[in-house]
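The structure file model.pdb is reproduced below (PDB, C-alpha atoms).
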```
ATOM      1  CA  MET A   1     -41.165  44.031  -5.409
ATOM      2  CA  GLU A   2     -40.624  47.773  -4.931
ATOM      3  CA  LEU A   3     -37.324  47.148  -3.197
ATOM      4  CA  GLY A   4     -36.168  44.909  -6.042
ATOM      5  CA  VAL A   5     -37.018  47.570  -8.621
ATOM      6  CA  PHE A   6     -35.167  50.132  -6.501
ATOM      7  CA  TYR A   7     -32.010  47.997  -6.402
ATOM      8  CA  ILE A   8     -32.111  47.443 -10.176
ATOM      9  CA  LEU A   9     -32.540  51.189 -10.778
ATOM     10  CA  ALA A  10     -29.823  52.036  -8.255
ATOM     11  CA  ALA A  11     -27.439  49.606  -9.966
ATOM     12  CA  VAL A  12     -28.207  51.166 -13.368
ATOM     13  CA  ILE A  13     -27.634  54.674 -11.971
ATOM     14  CA  VAL A  14     -24.375  53.839 -10.190
ATOM     15  CA  VAL A  15     -22.882  51.810 -13.056
ATOM     16  CA  SER A  16     -23.812  54.361 -15.728
ATOM     17  CA  GLY A  17     -22.641  57.189 -13.468
ATOM     18  CA  LEU A  18     -19.262  55.477 -13.069
ATOM     19  CA  LEU A  19     -19.063  54.959 -16.825
ATOM     20  CA  VAL A  20     -19.759  58.677 -17.363
ATOM     21  CA  VAL A  21     -16.572  59.584 -15.510
ATOM     22  CA  THR A  22     -14.382  56.665 -16.640
ATOM     23  CA  LEU A  23     -15.126  56.269 -20.370
ATOM     24  CA  LYS A  24     -12.353  57.575 -22.602
ATOM     25  CA  ASN A  25     -14.639  58.963 -25.289
ATOM     26  CA  ILE A  26     -16.548  61.988 -23.999
ATOM     27  CA  PHE A  27     -19.391  61.395 -26.448
ATOM     28  CA  HIS A  28     -19.942  57.943 -24.944
ATOM     29  CA  SER A  29     -19.927  59.603 -21.505
ATOM     30  CA  ALA A  30     -22.796  61.840 -22.624
ATOM     31  CA  LEU A  31     -24.758  58.803 -23.817
ATOM     32  CA  MET A  32     -24.171  57.074 -20.464
ATOM     33  CA  LEU A  33     -25.427  60.221 -18.729
ATOM     34  CA  ILE A  34     -28.730  59.745 -20.586
ATOM     35  CA  LEU A  35     -29.021  56.225 -19.156
ATOM     36  CA  CYS A  36     -28.163  57.537 -15.677
ATOM     37  CA  LEU A  37     -30.844  60.246 -15.844
ATOM     38  CA  PHE A  38     -33.397  57.707 -17.075
ATOM     39  CA  GLY A  39     -32.633  55.667 -13.963
ATOM     40  CA  VAL A  40     -33.297  58.731 -11.797
ATOM     41  CA  ALA A  41     -36.661  59.127 -13.568
ATOM     42  CA  GLY A  42     -37.406  55.533 -12.564
ATOM     43  CA  ILE A  43     -36.626  56.398  -8.935
ATOM     44  CA  TYR A  44     -39.108  59.302  -9.133
ATOM     45  CA  ILE A  45     -41.795  56.928 -10.398
ATOM     46  CA  LEU A  46     -40.993  54.606  -7.505
ATOM     47  CA  LEU A  47     -41.540  57.571  -5.145
ATOM     48  CA  HIS A  48     -44.973  58.213  -6.754
ATOM     49  CA  ALA A  49     -43.728  61.510  -8.221
ATOM     50  CA  ASP A  50     -45.053  60.849 -11.706
ATOM     51  CA  PHE A  51     -44.948  64.456 -12.942
ATOM     52  CA  LEU A  52     -41.385  64.868 -11.707
ATOM     53  CA  ALA A  53     -40.425  61.698 -13.593
ATOM     54  CA  ALA A  54     -41.939  63.100 -16.802
ATOM     55  CA  VAL A  55     -40.119  66.388 -16.230
ATOM     56  CA  GLN A  56     -36.887  64.486 -15.625
ATOM     57  CA  VAL A  57     -37.227  62.702 -18.975
ATOM     58  CA  LEU A  58     -38.396  65.814 -20.848
ATOM     59  CA  LEU A  59     -35.892  68.289 -19.440
ATOM     60  CA  TYR A  60     -32.842  66.317 -18.400
ATOM     61  CA  VAL A  61     -32.887  63.447 -20.879
ATOM     62  CA  GLY A  62     -34.464  65.427 -23.702
ATOM     63  CA  GLY A  63     -33.048  68.887 -23.079
ATOM     64  CA  VAL A  64     -29.918  69.103 -20.975
ATOM     65  CA  THR A  65     -28.144  66.081 -22.465
ATOM     66  CA  ILE A  66     -28.989  67.308 -25.972
ATOM     67  CA  LEU A  67     -27.341  70.585 -24.975
ATOM     68  CA  MET A  68     -24.280  68.678 -23.749
ATOM     69  CA  ILE A  69     -24.050  66.572 -26.910
ATOM     70  CA  PHE A  70     -24.328  69.737 -29.013
ATOM     71  CA  ALA A  71     -21.602  71.340 -26.899
ATOM     72  CA  ILE A  72     -19.354  68.339 -27.531
ATOM     73  CA  MET A  73     -20.114  68.362 -31.244
ATOM     74  CA  VAL A  74     -19.342  72.058 -31.754
ATOM     75  CA  THR A  75     -16.116  71.894 -29.743
ATOM     76  CA  HIS A  76     -13.222  71.008 -31.976
ATOM     77  CA  GLN A  77     -10.832  69.731 -29.339
ATOM     78  CA  LEU A  78     -13.248  67.254 -27.814
ATOM     79  CA  THR A  79     -14.774  65.202 -30.594
ATOM     80  CA  GLY A  80     -13.348  61.760 -31.192
ATOM     81  CA  LYS A  81     -10.325  62.202 -28.962
ATOM     82  CA  LYS A  82      -9.465  60.101 -25.972
ATOM     83  CA  ILE A  83      -9.496  62.164 -22.804
ATOM     84  CA  LYS A  84      -7.129  61.951 -19.871
ATOM     85  CA  HIS A  85      -8.795  61.314 -16.517
ATOM     86  CA  TYR A  86      -5.854  61.662 -14.229
ATOM     87  CA  ASN A  87      -4.633  65.122 -13.206
ATOM     88  CA  GLU A  88      -1.764  64.027 -10.907
ATOM     89  CA  GLN A  89      -3.325  65.401  -7.713
ATOM     90  CA  PRO A  90      -4.522  62.285  -5.873
ATOM     91  CA  VAL A  91      -3.894  63.556  -2.309
ATOM     92  CA  PRO A  92      -6.014  66.763  -2.337
ATOM     93  CA  ALA A  93      -8.687  65.026  -4.400
ATOM     94  CA  GLY A  94      -8.765  62.102  -1.974
ATOM     95  CA  LEU A  95      -8.993  64.432   1.037
ATOM     96  CA  ILE A  96     -11.875  66.384  -0.469
ATOM     97  CA  ILE A  97     -13.740  63.201  -1.410
ATOM     98  CA  LEU A  98     -13.167  61.727   2.043
ATOM     99  CA  SER A  99     -14.460  64.833   3.829
ATOM    100  CA  LEU A 100     -17.459  64.977   1.489
ATOM    101  CA  LEU A 101     -18.161  61.301   2.231
ATOM    102  CA  ILE A 102     -17.968  61.886   5.988
ATOM    103  CA  LEU A 103     -20.207  64.954   5.680
ATOM    104  CA  LEU A 104     -22.794  62.982   3.714
ATOM    105  CA  ILE A 105     -22.743  59.985   6.073
ATOM    106  CA  VAL A 106     -23.087  62.211   9.156
ATOM    107  CA  SER A 107     -25.904  64.289   7.679
ATOM    108  CA  ILE A 108     -27.797  61.238   6.397
ATOM    109  CA  THR A 109     -27.545  59.303   9.651
ATOM    110  CA  ARG A 110     -28.340  62.307  11.883
ATOM    111  CA  THR A 111     -31.307  63.666   9.956
ATOM    112  CA  ALA A 112     -34.689  62.528  11.172
ATOM    113  CA  PHE A 113     -36.521  62.128   7.877
ATOM    114  CA  GLU A 114     -40.106  63.084   8.495
ATOM    115  CA  VAL A 115     -42.884  61.371   6.622
ATOM    116  CA  ALA A 116     -46.101  63.279   5.922
ATOM    117  CA  ASP A 117     -49.175  61.526   7.288
ATOM    118  CA  LYS A 118     -51.269  62.510   4.274
ATOM    119  CA  ALA A 119     -51.825  59.999   1.501
ATOM    120  CA  GLU A 120     -50.057  61.209  -1.603
ATOM    121  CA  PRO A 121     -52.229  62.148  -4.584
ATOM    122  CA  MET A 122     -51.721  59.590  -7.281
ATOM    123  CA  PRO A 123     -51.623  61.530 -10.541
ATOM    124  CA  THR A 124     -49.728  64.509  -9.157
ATOM    125  CA  VAL A 125     -50.116  66.736 -12.221
ATOM    126  CA  ALA A 126     -53.504  68.202 -11.299
ATOM    127  CA  VAL A 127     -52.356  69.009  -7.758
ATOM    128  CA  ILE A 128     -49.208  70.709  -9.029
ATOM    129  CA  GLY A 129     -51.183  72.638 -11.635
ATOM    130  CA  ARG A 130     -53.714  73.846  -9.062
ATOM    131  CA  ALA A 131     -50.973  74.873  -6.645
ATOM    132  CA  LEU A 132     -49.129  76.767  -9.412
ATOM    133  CA  MET A 133     -52.276  78.618 -10.435
ATOM    134  CA  THR A 134     -53.501  79.562  -6.947
ATOM    135  CA  ASP A 135     -50.981  79.539  -4.079
ATOM    136  CA  TYR A 136     -47.798  79.947  -6.088
ATOM    137  CA  VAL A 137     -48.818  82.426  -8.767
ATOM    138  CA  LEU A 138     -45.975  84.831  -8.096
ATOM    139  CA  PRO A 139     -43.173  82.227  -8.206
ATOM    140  CA  PHE A 140     -44.795  80.870 -11.357
ATOM    141  CA  GLU A 141     -44.661  84.255 -13.069
ATOM    142  CA  VAL A 142     -41.135  84.859 -11.762
ATOM    143  CA  VAL A 143     -40.115  81.609 -13.504
ATOM    144  CA  SER A 144     -40.996  83.165 -16.840
ATOM    145  CA  VAL A 145     -38.799  86.168 -16.033
ATOM    146  CA  VAL A 146     -35.935  83.816 -15.064
ATOM    147  CA  LEU A 147     -36.392  81.935 -18.339
ATOM    148  CA  LEU A 148     -36.404  85.256 -20.211
ATOM    149  CA  VAL A 149     -33.141  86.254 -18.541
ATOM    150  CA  ALA A 150     -31.627  82.856 -19.399
ATOM    151  CA  LEU A 151     -32.734  83.162 -23.016
ATOM    152  CA  ILE A 152     -31.400  86.697 -23.487
ATOM    153  CA  GLY A 153     -28.202  85.834 -21.631
ATOM    154  CA  ALA A 154     -27.646  82.767 -23.797
ATOM    155  CA  ILE A 155     -28.073  84.802 -26.970
ATOM    156  CA  VAL A 156     -25.835  87.623 -25.779
ATOM    157  CA  ILE A 157     -23.052  85.248 -24.701
ATOM    158  CA  ALA A 158     -23.328  82.895 -27.673
ATOM    159  CA  ARG A 159     -23.394  85.629 -30.306
ATOM    160  CA  ARG A 160     -20.613  88.099 -29.764
ATOM    161  CA  ASP A 161     -20.924  90.161 -32.904
TER
ATOM    162  CA  MET B   1     -61.665  68.018  -0.672
ATOM    163  CA  PRO B   2     -62.521  64.616  -2.074
ATOM    164  CA  ASP B   3     -63.763  65.947  -5.444
ATOM    165  CA  ARG B   4     -60.317  67.285  -6.245
ATOM    166  CA  PHE B   5     -58.963  63.879  -7.162
ATOM    167  CA  ALA B   6     -62.097  62.517  -8.788
ATOM    168  CA  GLY B   7     -61.192  59.724 -11.156
ATOM    169  CA  ARG B   8     -57.737  59.313  -9.716
ATOM    170  CA  LEU B   9     -55.865  56.095 -10.220
ATOM    171  CA  THR B  10     -55.134  53.705  -7.432
ATOM    172  CA  ALA B  11     -51.509  52.886  -6.705
ATOM    173  CA  LEU B  12     -51.913  49.426  -8.196
ATOM    174  CA  GLU B  13     -53.321  50.728 -11.501
ATOM    175  CA  MET B  14     -50.545  53.279 -11.694
ATOM    176  CA  PHE B  15     -47.760  50.751 -11.179
ATOM    177  CA  GLY B  16     -49.477  48.394 -13.608
ATOM    178  CA  ASN B  17     -49.083  51.086 -16.275
ATOM    179  CA  TYR B  18     -45.416  51.541 -15.450
ATOM    180  CA  ALA B  19     -44.936  47.781 -15.461
ATOM    181  CA  TYR B  20     -46.130  47.840 -19.098
ATOM    182  CA  THR B  21     -43.537  50.549 -19.815
ATOM    183  CA  GLY B  22     -40.844  48.439 -18.179
ATOM    184  CA  ILE B  23     -41.842  45.327 -20.127
ATOM    185  CA  TRP B  24     -41.754  47.230 -23.430
ATOM    186  CA  LEU B  25     -38.371  48.667 -22.476
ATOM    187  CA  LEU B  26     -37.024  45.166 -21.882
ATOM    188  CA  ILE B  27     -38.538  43.886 -25.149
ATOM    189  CA  GLY B  28     -37.071  46.831 -27.054
ATOM    190  CA  VAL B  29     -33.553  46.448 -25.660
ATOM    191  CA  GLY B  30     -33.713  42.662 -25.880
ATOM    192  CA  PHE B  31     -34.854  42.722 -29.505
ATOM    193  CA  VAL B  32     -31.822  44.768 -30.580
ATOM    194  CA  LEU B  33     -29.360  42.706 -28.527
ATOM    195  CA  VAL B  34     -30.741  39.344 -29.686
ATOM    196  CA  THR B  35     -30.775  40.476 -33.326
ATOM    197  CA  PHE B  36     -27.155  41.602 -33.218
ATOM    198  CA  TRP B  37     -26.053  38.501 -31.342
ATOM    199  CA  PHE B  38     -27.860  36.163 -33.742
ATOM    200  CA  ALA B  39     -26.537  38.025 -36.796
ATOM    201  CA  SER B  40     -22.986  37.731 -35.468
ATOM    202  CA  LEU B  41     -23.504  33.964 -35.135
ATOM    203  CA  ILE B  42     -24.601  33.245 -38.690
ATOM    204  CA  ARG B  43     -22.835  35.877 -40.823
ATOM    205  CA  PRO B  44     -19.471  35.263 -42.504
ATOM    206  CA  GLN B  45     -16.639  37.465 -41.138
ATOM    207  CA  ARG B  46     -14.580  38.804 -44.045
ATOM    208  CA  PRO B  47     -13.989  42.527 -43.394
ATOM    209  CA  ASN B  48     -12.129  44.777 -45.843
ATOM    210  CA  PRO B  49     -11.517  48.576 -45.747
ATOM    211  CA  THR B  50     -14.362  49.400 -48.143
ATOM    212  CA  LYS B  51     -16.839  47.399 -46.101
ATOM    213  CA  LEU B  52     -15.770  49.122 -42.882
ATOM    214  CA  GLU B  53     -16.301  52.621 -44.270
ATOM    215  CA  ASN B  54     -19.138  54.689 -42.837
ATOM    216  CA  TYR B  55     -22.264  54.271 -44.909
ATOM    217  CA  GLU B  56     -23.399  57.555 -46.431
ATOM    218  CA  CYS B  57     -26.221  56.539 -48.788
ATOM    219  CA  GLY B  58     -23.856  55.325 -51.496
ATOM    220  CA  GLU B  59     -21.685  58.468 -51.457
ATOM    221  CA  MET B  60     -17.990  58.414 -50.672
ATOM    222  CA  PRO B  61     -17.542  59.693 -47.102
ATOM    223  CA  LEU B  62     -15.910  63.137 -47.108
ATOM    224  CA  SER B  63     -14.223  62.869 -43.712
ATOM    225  CA  ALA B  64     -14.350  61.082 -40.388
ATOM    226  CA  SER B  65     -17.764  61.279 -38.738
ATOM    227  CA  TYR B  66     -16.272  63.097 -35.753
ATOM    228  CA  LEU B  67     -15.974  66.627 -37.045
ATOM    229  CA  GLN B  68     -16.645  70.054 -35.668
ATOM    230  CA  PHE B  69     -20.232  71.122 -36.242
ATOM    231  CA  ASN B  70     -21.336  74.685 -36.829
ATOM    232  CA  VAL B  71     -21.613  76.627 -33.550
ATOM    233  CA  LYS B  72     -25.012  77.930 -34.692
ATOM    234  CA  TYR B  73     -26.550  74.589 -33.760
ATOM    235  CA  TYR B  74     -25.713  75.338 -30.132
ATOM    236  CA  ILE B  75     -27.857  78.486 -30.012
ATOM    237  CA  PHE B  76     -30.783  76.509 -31.363
ATOM    238  CA  ALA B  77     -30.219  73.895 -28.660
ATOM    239  CA  LEU B  78     -30.124  76.619 -25.975
ATOM    240  CA  ILE B  79     -33.369  78.202 -27.178
ATOM    241  CA  PHE B  80     -34.912  74.726 -27.394
ATOM    242  CA  VAL B  81     -34.114  73.981 -23.735
ATOM    243  CA  ILE B  82     -35.669  77.303 -22.623
ATOM    244  CA  PHE B  83     -38.918  76.550 -24.423
ATOM    245  CA  ASP B  84     -38.758  72.943 -23.233
ATOM    246  CA  VAL B  85     -38.965  74.293 -19.663
ATOM    247  CA  GLU B  86     -41.877  76.512 -20.703
ATOM    248  CA  VAL B  87     -43.791  73.518 -22.066
ATOM    249  CA  VAL B  88     -43.304  71.679 -18.769
ATOM    250  CA  PHE B  89     -45.219  74.501 -17.059
ATOM    251  CA  LEU B  90     -47.948  74.425 -19.709
ATOM    252  CA  PHE B  91     -48.756  70.805 -18.951
ATOM    253  CA  PRO B  92     -50.046  71.038 -15.335
ATOM    254  CA  TRP B  93     -51.858  74.235 -16.305
ATOM    255  CA  ALA B  94     -53.682  72.439 -19.112
ATOM    256  CA  VAL B  95     -54.742  69.633 -16.766
ATOM    257  CA  VAL B  96     -56.503  71.968 -14.287
ATOM    258  CA  TYR B  97     -57.593  74.595 -16.816
ATOM    259  CA  ASN B  98     -61.237  73.525 -16.952
ATOM    260  CA  SER B  99     -61.775  73.906 -13.230
ATOM    261  CA  LEU B 100     -59.985  77.256 -12.851
ATOM    262  CA  GLY B 101     -61.276  79.219 -15.834
ATOM    263  CA  LEU B 102     -60.447  82.799 -16.751
ATOM    264  CA  PHE B 103     -57.963  83.538 -13.966
ATOM    265  CA  ALA B 104     -55.701  80.654 -14.981
ATOM    266  CA  LEU B 105     -55.943  81.719 -18.618
ATOM    267  CA  ILE B 106     -54.774  85.256 -17.769
ATOM    268  CA  GLU B 107     -51.935  83.905 -15.616
ATOM    269  CA  MET B 108     -50.724  81.700 -18.432
ATOM    270  CA  LEU B 109     -51.047  84.537 -20.961
ATOM    271  CA  VAL B 110     -48.815  86.716 -18.757
ATOM    272  CA  PHE B 111     -46.345  83.830 -18.459
ATOM    273  CA  LEU B 112     -46.267  83.300 -22.216
ATOM    274  CA  LEU B 113     -46.165  87.016 -23.007
ATOM    275  CA  ILE B 114     -42.995  87.473 -20.950
ATOM    276  CA  LEU B 115     -41.376  84.588 -22.816
ATOM    277  CA  ILE B 116     -42.559  85.898 -26.175
ATOM    278  CA  PHE B 117     -40.399  88.977 -25.453
ATOM    279  CA  GLY B 118     -37.456  86.580 -25.342
ATOM    280  CA  LEU B 119     -38.468  84.994 -28.621
ATOM    281  CA  ALA B 120     -38.871  88.440 -30.208
ATOM    282  CA  TYR B 121     -35.427  89.392 -28.907
ATOM    283  CA  ALA B 122     -33.906  86.223 -30.347
ATOM    284  CA  TRP B 123     -35.646  86.900 -33.651
ATOM    285  CA  LYS B 124     -34.508  90.524 -33.778
ATOM    286  CA  LYS B 125     -30.919  89.558 -32.943
ATOM    287  CA  GLY B 126     -31.007  87.113 -35.843
ATOM    288  CA  ALA B 127     -30.451  84.097 -33.597
ATOM    289  CA  LEU B 128     -33.178  82.239 -35.476
ATOM    290  CA  GLN B 129     -31.567  82.922 -38.825
ATOM    291  CA  TRP B 130     -29.425  80.361 -40.585
ATOM    292  CA  VAL B 131     -26.601  82.214 -42.319
TER
END
```
Once more with this new file: its structure as structure tokens, please.
Amino acid sequence: MELGVFYILAAVIVVSGLLVVTLKNIFHSALMLILCLFGVAGIYILLHADFLAAVQVLLYVGGVTILMIFAIMVTHQLTGKKIKHYNEQPVPAGLIILSLLILLIVSITRTAFEVADKAEPMPTVAVIGRALMTDYVLPFEVVSVVLLVALIGAIVIARRD
Amino acid sequence: MPDRFAGRLTALEMFGNYAYTGIWLLIGVGFVLVTFWFASLIRPQRPNPTKLENYECGEMPLSASYLQFNVKYYIFALIFVIFDVEVVFLFPWAVVYNSLGLFALIEMLVFLLILIFGLAYAWKKGALQWV
């Protein structure tokens, strides 16, 4: 049952991911990216990471792709035009992809993936919240500073006036 | 620490809930597909240029629907994503708030205060203004 769901989700992710890079209309690519990220959220649910799945939908599906669609819409050269996929450099691209593939296969097959012997907490939100408020207070507060920097940086770069 | 997860769901209950989500997803997608497929079966096919125009509430369309939007929308999207991330941190805090009390409240106030500086900066720079 779980394996079947995994294969369906994996198929959705791979097919939509391929469509993201092969579709001629970049707006359609962005929409396919939404489907792809939804599939990843499904994988998180399958791994019992329910909070991470919610974050994936909220931030990646709801935030990052919106940002991308806005970027496409405000860019004059991109909207409604067919894009070229081929940049006439198949040999270097193929070499890089091949070496990346070998690297991934070697690292995946050689890593001994350790499994924790604890039973995972089922709604993970409370555990994450408690950890953020007690053991990881400093990183938590640093996050707000990082977000502040991102916000100010975005405004400074986006509004040159 | 058994009390920590009091009232937690079993794996079966949890996946039952997600199974509902999956079923509704299938019904939702299927409903649209079946409706379009059935409509294409029974409708007459006589297109003309006026029929194929984009529908704009009875108005004549001014241009193609692919046009360049105002860049100002992008700044709003950027600020939205920042505060989207902030809300994600509010959620686990709210779940454990009752059991942690004052300390957690102060931590979250510090977190929000730092981000309010960013909002004040955006406000002062006029990034929230629509000109």
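If we count all atoms listed in the file, these residues of chain B sit within 6 Å of chain A: Tyr66, Gln68, Phe69, Val71, Tyr74, Ala77, Val81, Pro92, Trp93, Val95, Val96, Phe111, Leu115 and Gly118 of chain B.
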Residues of the last selection are to be written out with C-alpha atoms, as a compact mmCIF listing (two decimals), keeping the file's coordinate frame.
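This is the output file again.txt:
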```txt
# COMPACT_ATOMS: atom_id res chain seq x y z
CA TYR B 66 -16.27 63.10 -35.75
CA GLN B 68 -16.64 70.05 -35.67
CA PHE B 69 -20.23 71.12 -36.24
CA VAL B 71 -21.61 76.63 -33.55
CA TYR B 74 -25.71 75.34 -30.13
CA ALA B 77 -30.22 73.90 -28.66
CA VAL B 81 -34.11 73.98 -23.74
CA PRO B 92 -50.05 71.04 -15.34
CA TRP B 93 -51.86 74.24 -16.30
CA VAL B 95 -54.74 69.63 -16.77
CA VAL B 96 -56.50 71.97 -14.29
CA PHE B 111 -46.34 83.83 -18.46
CA LEU B 115 -41.38 84.59 -22.82
CA GLY B 118 -37.46 86.58 -25.34
```
Option closest in space to Phe91 in chain B, from B:Leu62, B:Met108, B:Leu33, B:Ala127 [counting only C-alpha atoms]: B:Met108
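Atom to atom, CA of Leu95 in chain A and CA of Val12 in chain A stand 27.4 Å apart.
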Within 6 Å of file point (-56.5, 79.4, -15.5), counting only C-alpha atoms, expressed as a PDB file with C-alpha atoms, in the coordinates of the input:
```
ATOM      1  CA  TYR B  97     -57.593  74.595 -16.816  1.00  0.00           C
ATOM      2  CA  LEU B 100     -59.985  77.256 -12.851  1.00  0.00           C
ATOM      3  CA  GLY B 101     -61.276  79.219 -15.834  1.00  0.00           C
ATOM      4  CA  LEU B 102     -60.447  82.799 -16.751  1.00  0.00           C
ATOM      5  CA  PHE B 103     -57.963  83.538 -13.966  1.00  0.00           C
ATOM      6  CA  ALA B 104     -55.701  80.654 -14.981  1.00  0.00           C
ATOM      7  CA  LEU B 105     -55.943  81.719 -18.618  1.00  0.00           C
TER       8      LEU B 105
END
```
As AutoDock Vina command-line options, please: the centre and edge lengths in Å, to one decimal, of an axis-aligned box enclosing every listed atom of range 29-36 of chain A with 3 Å added on each side.
```
--center_x -24.5 --center_y 59.0 --center_z -19.7 --size_x 15.1 --size_y 11.6 --size_z 14.1
```
